[in-house]
Structure formats: structure tokens, C-alpha cells
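Q: Input file: start10.cif. Contents: mmCIF, N, CA and C atoms.
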data_entry
loop_
_atom_site.label_atom_id
_atom_site.label_comp_id
_atom_site.auth_asym_id
_atom_site.auth_seq_id
_atom_site.Cartn_x
_atom_site.Cartn_y
_atom_site.Cartn_z
N MET I 1 104.29 113.34 98.47
CA MET I 1 105.05 113.57 97.28
C MET I 1 106.54 113.51 97.59
N LEU I 2 106.93 114.11 98.71
CA LEU I 2 108.35 114.12 99.06
C LEU I 2 108.88 112.71 99.33
N ASN I 3 108.13 111.95 100.12
CA ASN I 3 108.59 110.59 100.45
C ASN I 3 108.79 109.73 99.21
N SER I 4 107.95 109.89 98.21
CA SER I 4 108.08 109.09 97.01
C SER I 4 109.19 109.60 96.08
N SER I 5 109.79 110.73 96.41
CA SER I 5 110.81 111.33 95.56
C SER I 5 112.23 111.14 96.06
N VAL I 6 112.39 110.56 97.23
CA VAL I 6 113.73 110.38 97.80
C VAL I 6 114.04 108.90 97.99
N ARG I 7 115.31 108.61 98.15
CA ARG I 7 115.76 107.24 98.38
C ARG I 7 115.64 106.90 99.86
N ASN I 8 115.77 105.64 100.21
CA ASN I 8 115.69 105.21 101.61
C ASN I 8 116.76 105.85 102.49
N LEU I 9 117.92 106.15 101.93
CA LEU I 9 118.99 106.71 102.74
C LEU I 9 118.91 108.23 102.87
N ASP I 10 118.03 108.88 102.10
CA ASP I 10 117.81 110.32 102.23
C ASP I 10 116.85 110.58 103.38
N ARG I 11 116.85 111.80 103.88
CA ARG I 11 115.98 112.15 105.00
C ARG I 11 115.21 113.43 104.70
N ILE I 12 113.95 113.43 105.12
CA ILE I 12 113.09 114.61 105.01
C ILE I 12 112.76 115.06 106.43
N VAL I 13 112.99 116.34 106.72
CA VAL I 13 112.75 116.89 108.05
C VAL I 13 111.79 118.06 107.92
N CYS I 14 110.72 118.06 108.72
CA CYS I 14 109.81 119.19 108.75
C CYS I 14 110.53 120.31 109.50
N TYR I 15 110.72 121.44 108.83
CA TYR I 15 111.51 122.54 109.36
C TYR I 15 110.64 123.69 109.84
N GLY I 16 109.40 123.68 109.47
CA GLY I 16 108.45 124.72 109.85
C GLY I 16 107.06 124.27 109.49
N GLY I 17 106.12 125.18 109.47
CA GLY I 17 104.76 124.82 109.14
C GLY I 17 104.62 124.19 107.77
N ASP I 18 105.23 124.80 106.77
CA ASP I 18 105.17 124.26 105.41
C ASP I 18 106.55 124.26 104.76
N GLU I 19 107.57 124.16 105.58
CA GLU I 19 108.94 124.13 105.08
C GLU I 19 109.58 122.80 105.44
N PHE I 20 110.39 122.29 104.52
CA PHE I 20 111.04 121.00 104.73
C PHE I 20 112.51 121.09 104.37
N LEU I 21 113.30 120.30 105.05
CA LEU I 21 114.72 120.17 104.77
C LEU I 21 114.92 118.75 104.26
N ILE I 22 115.55 118.61 103.11
CA ILE I 22 115.79 117.29 102.55
C ILE I 22 117.30 117.05 102.54
N LEU I 23 117.72 115.96 103.17
CA LEU I 23 119.13 115.61 103.24
C LEU I 23 119.40 114.47 102.26
N PHE I 24 120.20 114.75 101.25
CA PHE I 24 120.58 113.75 100.26
C PHE I 24 121.98 113.27 100.60
N LYS I 25 122.13 111.99 100.77
CA LYS I 25 123.45 111.44 101.13
C LYS I 25 124.13 110.85 99.90
N GLY I 26 125.37 111.29 99.67
CA GLY I 26 126.19 110.72 98.60
C GLY I 26 125.59 110.86 97.21
N ILE I 27 125.20 112.06 96.85
CA ILE I 27 124.59 112.29 95.54
C ILE I 27 125.41 113.37 94.81
N SER I 28 125.63 113.15 93.54
CA SER I 28 126.42 114.12 92.78
C SER I 28 125.59 115.37 92.50
N HIS I 29 126.27 116.45 92.20
CA HIS I 29 125.60 117.72 91.91
C HIS I 29 124.68 117.58 90.70
N GLU I 30 125.12 116.86 89.69
CA GLU I 30 124.31 116.69 88.49
C GLU I 30 123.03 115.91 88.77
N VAL I 31 123.15 114.82 89.52
CA VAL I 31 121.98 114.01 89.88
C VAL I 31 121.06 114.80 90.80
N LEU I 32 121.62 115.58 91.70
CA LEU I 32 120.82 116.40 92.60
C LEU I 32 119.98 117.40 91.81
N LYS I 33 120.56 118.05 90.83
CA LYS I 33 119.82 119.01 90.01
C LYS I 33 118.63 118.33 89.31
N ILE I 34 118.86 117.15 88.77
CA ILE I 34 117.79 116.40 88.10
C ILE I 34 116.70 116.02 89.10
N ARG I 35 117.11 115.51 90.24
CA ARG I 35 116.16 115.07 91.28
C ARG I 35 115.31 116.25 91.76
N LEU I 36 115.94 117.38 92.00
CA LEU I 36 115.20 118.55 92.48
C LEU I 36 114.23 119.08 91.43
N GLU I 37 114.62 119.04 90.17
CA GLU I 37 113.71 119.48 89.12
C GLU I 37 112.52 118.54 89.01
N GLN I 38 112.74 117.25 89.17
CA GLN I 38 111.64 116.28 89.16
C GLN I 38 110.68 116.56 90.32
N MET I 39 111.23 116.86 91.49
CA MET I 39 110.40 117.15 92.66
C MET I 39 109.62 118.45 92.45
N ARG I 40 110.26 119.45 91.87
CA ARG I 40 109.58 120.71 91.61
C ARG I 40 108.41 120.50 90.65
N ALA I 41 108.63 119.71 89.60
CA ALA I 41 107.58 119.44 88.63
C ALA I 41 106.41 118.69 89.27
N LYS I 42 106.69 117.74 90.15
CA LYS I 42 105.62 117.02 90.87
C LYS I 42 104.84 117.97 91.76
N ALA I 43 105.55 118.82 92.48
CA ALA I 43 104.89 119.76 93.40
C ALA I 43 104.01 120.74 92.64
N GLU I 44 104.44 121.13 91.47
CA GLU I 44 103.68 122.08 90.66
C GLU I 44 102.33 121.51 90.25
N LYS I 45 102.23 120.19 90.13
CA LYS I 45 101.01 119.53 89.69
C LYS I 45 100.02 119.29 90.83
N ILE I 46 100.42 119.51 92.06
CA ILE I 46 99.54 119.28 93.21
C ILE I 46 98.43 120.33 93.21
N LYS I 47 97.22 119.87 93.30
CA LYS I 47 96.05 120.76 93.37
C LYS I 47 95.49 120.70 94.79
N LEU I 48 95.41 121.84 95.44
CA LEU I 48 94.86 121.93 96.79
C LEU I 48 93.40 122.32 96.73
N LYS I 49 92.60 121.69 97.57
CA LYS I 49 91.18 122.02 97.65
C LYS I 49 90.98 122.89 98.88
N TYR I 50 90.33 124.01 98.71
CA TYR I 50 90.07 124.94 99.82
C TYR I 50 88.65 124.87 100.26
#
Please go through the file and, once you have read it, give me the structure as C-alpha cells.
A:
Amino acid sequence: MLNSSVRNLDRIVCYGGDEFLILFKGISHEVLKIRLEQMRAKAEKIKLKY
């Protein structure tokens, strides 16, 4: 989900077991807010099977 939500110049780094750091290069605050909300909405829809 994360890889499909960022541009080629952005970077995703695994920071812990289930924590990630996302580096956005050259993005405005307004666009960042929109992008993060889109990512949050996608993550909310993920269903995990136990």
C-alpha cells in the first residue's frame, strides 16, 4: 500500500517492526496533507486475516 502511494523520488524506510518513515522530497504542506489523508484512508481499508 505504501509503495503505491508515493512517487519515485520519495522514500519509504522500515523503522521498526511495524513502523515506517516516509521521506517526501519537494512537496508542499497542502499536498502533503492530502497525500497523507489518502494513505490513511487506504490503510483503514486493509483487512488482516488472523
Q: I need the residues of chain I that end up classed as strand (DSSP E) by DSSP on the backbone, written out as a list in words.
A: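 Selection result, strand (DSSP E) within chain I: Arg11, Ile12, Val13, Cys14, Phe20, Leu21, Ile22 and Leu23 of chain I.
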Q: If you measure from atom N of I:Leu32 to atom C of I:Ser4, what distance in Å do you get, rounded to one decimal?
A: 14.5 Å
Q: Residues picked by the PyMOL selection byres ((chain I and resi 24) around 7) here, as a compact mmCIF listing (two decimals) with N, CA and C atoms, keeping the file's coordinate frame?
A:
# COMPACT_ATOMS: atom_id res chain seq x y z
N LEU I 9 117.92 106.15 101.93
CA LEU I 9 118.99 106.71 102.74
C LEU I 9 118.91 108.23 102.87
N ASP I 10 118.03 108.88 102.10
CA ASP I 10 117.81 110.32 102.23
C ASP I 10 116.85 110.58 103.38
N ARG I 11 116.85 111.80 103.88
CA ARG I 11 115.98 112.15 105.00
C ARG I 11 115.21 113.43 104.70
N ILE I 22 115.55 118.61 103.11
CA ILE I 22 115.79 117.29 102.55
C ILE I 22 117.30 117.05 102.54
N LEU I 23 117.72 115.96 103.17
CA LEU I 23 119.13 115.61 103.24
C LEU I 23 119.40 114.47 102.26
N LYS I 25 122.13 111.99 100.77
CA LYS I 25 123.45 111.44 101.13
C LYS I 25 124.13 110.85 99.90
N GLY I 26 125.37 111.29 99.67
CA GLY I 26 126.19 110.72 98.60
C GLY I 26 125.59 110.86 97.21
N ILE I 27 125.20 112.06 96.85
CA ILE I 27 124.59 112.29 95.54
C ILE I 27 125.41 113.37 94.81
Q: So the first atom is atom CA of I:Lys33 and the second is atom CA of I:Leu48; what is the distance between them in Å, to one decimal place?
A: 26.0 Å
Q: Do you know which residues the PyMOL selection byres (((chain I and resi 36 and name CA) around 12) and name CA) returns on this file, as a list in words?
A: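 This file gives the following for the PyMOL selection byres (((chain I and resi 36 and name CA) around 12) and name CA): Leu2, Ser5, Val6, Ile22, Leu23, Phe24, Ile27, His29, Glu30, Val31, Leu32, Lys33, Ile34, Arg35, Glu37, Gln38, Met39, Arg40, Ala41, Lys42 and Ala43 of chain I.
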Q: Using Å and a single decimal, report how far atom N of I:Lys47 sits from atom CA of I:Met1.
A: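 Calculated distance between atom CA of I:Met1 and atom N of I:Lys47 is 10.8 Å.
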Q: Got a minute to add N, CA, C and O atoms to stretch 4-26 of chain I and dump it as a short mmCIF file (atom, residue, chain, number, x, y, z; two decimals), in the frame of the given file?
A:
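Written output follows (result.cif):
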data_model
loop_
_atom_site.label_atom_id
_atom_site.label_comp_id
_atom_site.auth_asym_id
_atom_site.auth_seq_id
_atom_site.Cartn_x
_atom_site.Cartn_y
_atom_site.Cartn_z
N SER I 4 107.95 109.89 98.21
CA SER I 4 108.08 109.09 97.01
C SER I 4 109.19 109.60 96.08
O SER I 4 109.51 108.96 95.09
N SER I 5 109.79 110.73 96.41
CA SER I 5 110.81 111.33 95.56
C SER I 5 112.23 111.14 96.06
O SER I 5 113.17 111.54 95.39
N VAL I 6 112.39 110.56 97.23
CA VAL I 6 113.73 110.38 97.80
C VAL I 6 114.04 108.90 97.99
O VAL I 6 113.15 108.06 98.04
N ARG I 7 115.31 108.61 98.15
CA ARG I 7 115.76 107.24 98.38
C ARG I 7 115.64 106.90 99.86
O ARG I 7 115.46 107.79 100.69
N ASN I 8 115.77 105.64 100.21
CA ASN I 8 115.69 105.21 101.61
C ASN I 8 116.76 105.85 102.49
O ASN I 8 116.53 106.07 103.67
N LEU I 9 117.92 106.15 101.93
CA LEU I 9 118.99 106.71 102.74
C LEU I 9 118.91 108.23 102.87
O LEU I 9 119.62 108.83 103.66
N ASP I 10 118.03 108.88 102.10
CA ASP I 10 117.81 110.32 102.23
C ASP I 10 116.85 110.58 103.38
O ASP I 10 116.12 109.69 103.80
N ARG I 11 116.85 111.80 103.88
CA ARG I 11 115.98 112.15 105.00
C ARG I 11 115.21 113.43 104.70
O ARG I 11 115.74 114.36 104.13
N ILE I 12 113.95 113.43 105.12
CA ILE I 12 113.09 114.61 105.01
C ILE I 12 112.76 115.06 106.43
O ILE I 12 112.33 114.26 107.26
N VAL I 13 112.99 116.34 106.72
CA VAL I 13 112.75 116.89 108.05
C VAL I 13 111.79 118.06 107.92
O VAL I 13 111.99 118.94 107.08
N CYS I 14 110.72 118.06 108.72
CA CYS I 14 109.81 119.19 108.75
C CYS I 14 110.53 120.31 109.50
O CYS I 14 110.95 120.16 110.64
N TYR I 15 110.72 121.44 108.83
CA TYR I 15 111.51 122.54 109.36
C TYR I 15 110.64 123.69 109.84
O TYR I 15 111.07 124.56 110.54
N GLY I 16 109.40 123.68 109.47
CA GLY I 16 108.45 124.72 109.85
C GLY I 16 107.06 124.27 109.49
O GLY I 16 106.83 123.09 109.23
N GLY I 17 106.12 125.18 109.47
CA GLY I 17 104.76 124.82 109.14
C GLY I 17 104.62 124.19 107.77
O GLY I 17 104.00 123.15 107.60
N ASP I 18 105.23 124.80 106.77
CA ASP I 18 105.17 124.26 105.41
C ASP I 18 106.55 124.26 104.76
O ASP I 18 106.68 124.33 103.55
N GLU I 19 107.57 124.16 105.58
CA GLU I 19 108.94 124.13 105.08
C GLU I 19 109.58 122.80 105.44
O GLU I 19 109.35 122.26 106.52
N PHE I 20 110.39 122.29 104.52
CA PHE I 20 111.04 121.00 104.73
C PHE I 20 112.51 121.09 104.37
O PHE I 20 112.90 121.85 103.49
N LEU I 21 113.30 120.30 105.05
CA LEU I 21 114.72 120.17 104.77
C LEU I 21 114.92 118.75 104.26
O LEU I 21 114.45 117.80 104.88
N ILE I 22 115.55 118.61 103.11
CA ILE I 22 115.79 117.29 102.55
C ILE I 22 117.30 117.05 102.54
O ILE I 22 118.05 117.84 101.98
N LEU I 23 117.72 115.96 103.17
CA LEU I 23 119.13 115.61 103.24
C LEU I 23 119.40 114.47 102.26
O LEU I 23 118.85 113.38 102.40
N PHE I 24 120.20 114.75 101.25
CA PHE I 24 120.58 113.75 100.26
C PHE I 24 121.98 113.27 100.60
O PHE I 24 122.91 114.07 100.66
N LYS I 25 122.13 111.99 100.77
CA LYS I 25 123.45 111.44 101.13
C LYS I 25 124.13 110.85 99.90
O LYS I 25 123.54 110.05 99.17
N GLY I 26 125.37 111.29 99.67
CA GLY I 26 126.19 110.72 98.60
C GLY I 26 125.59 110.86 97.21
O GLY I 26 125.50 109.88 96.49
#
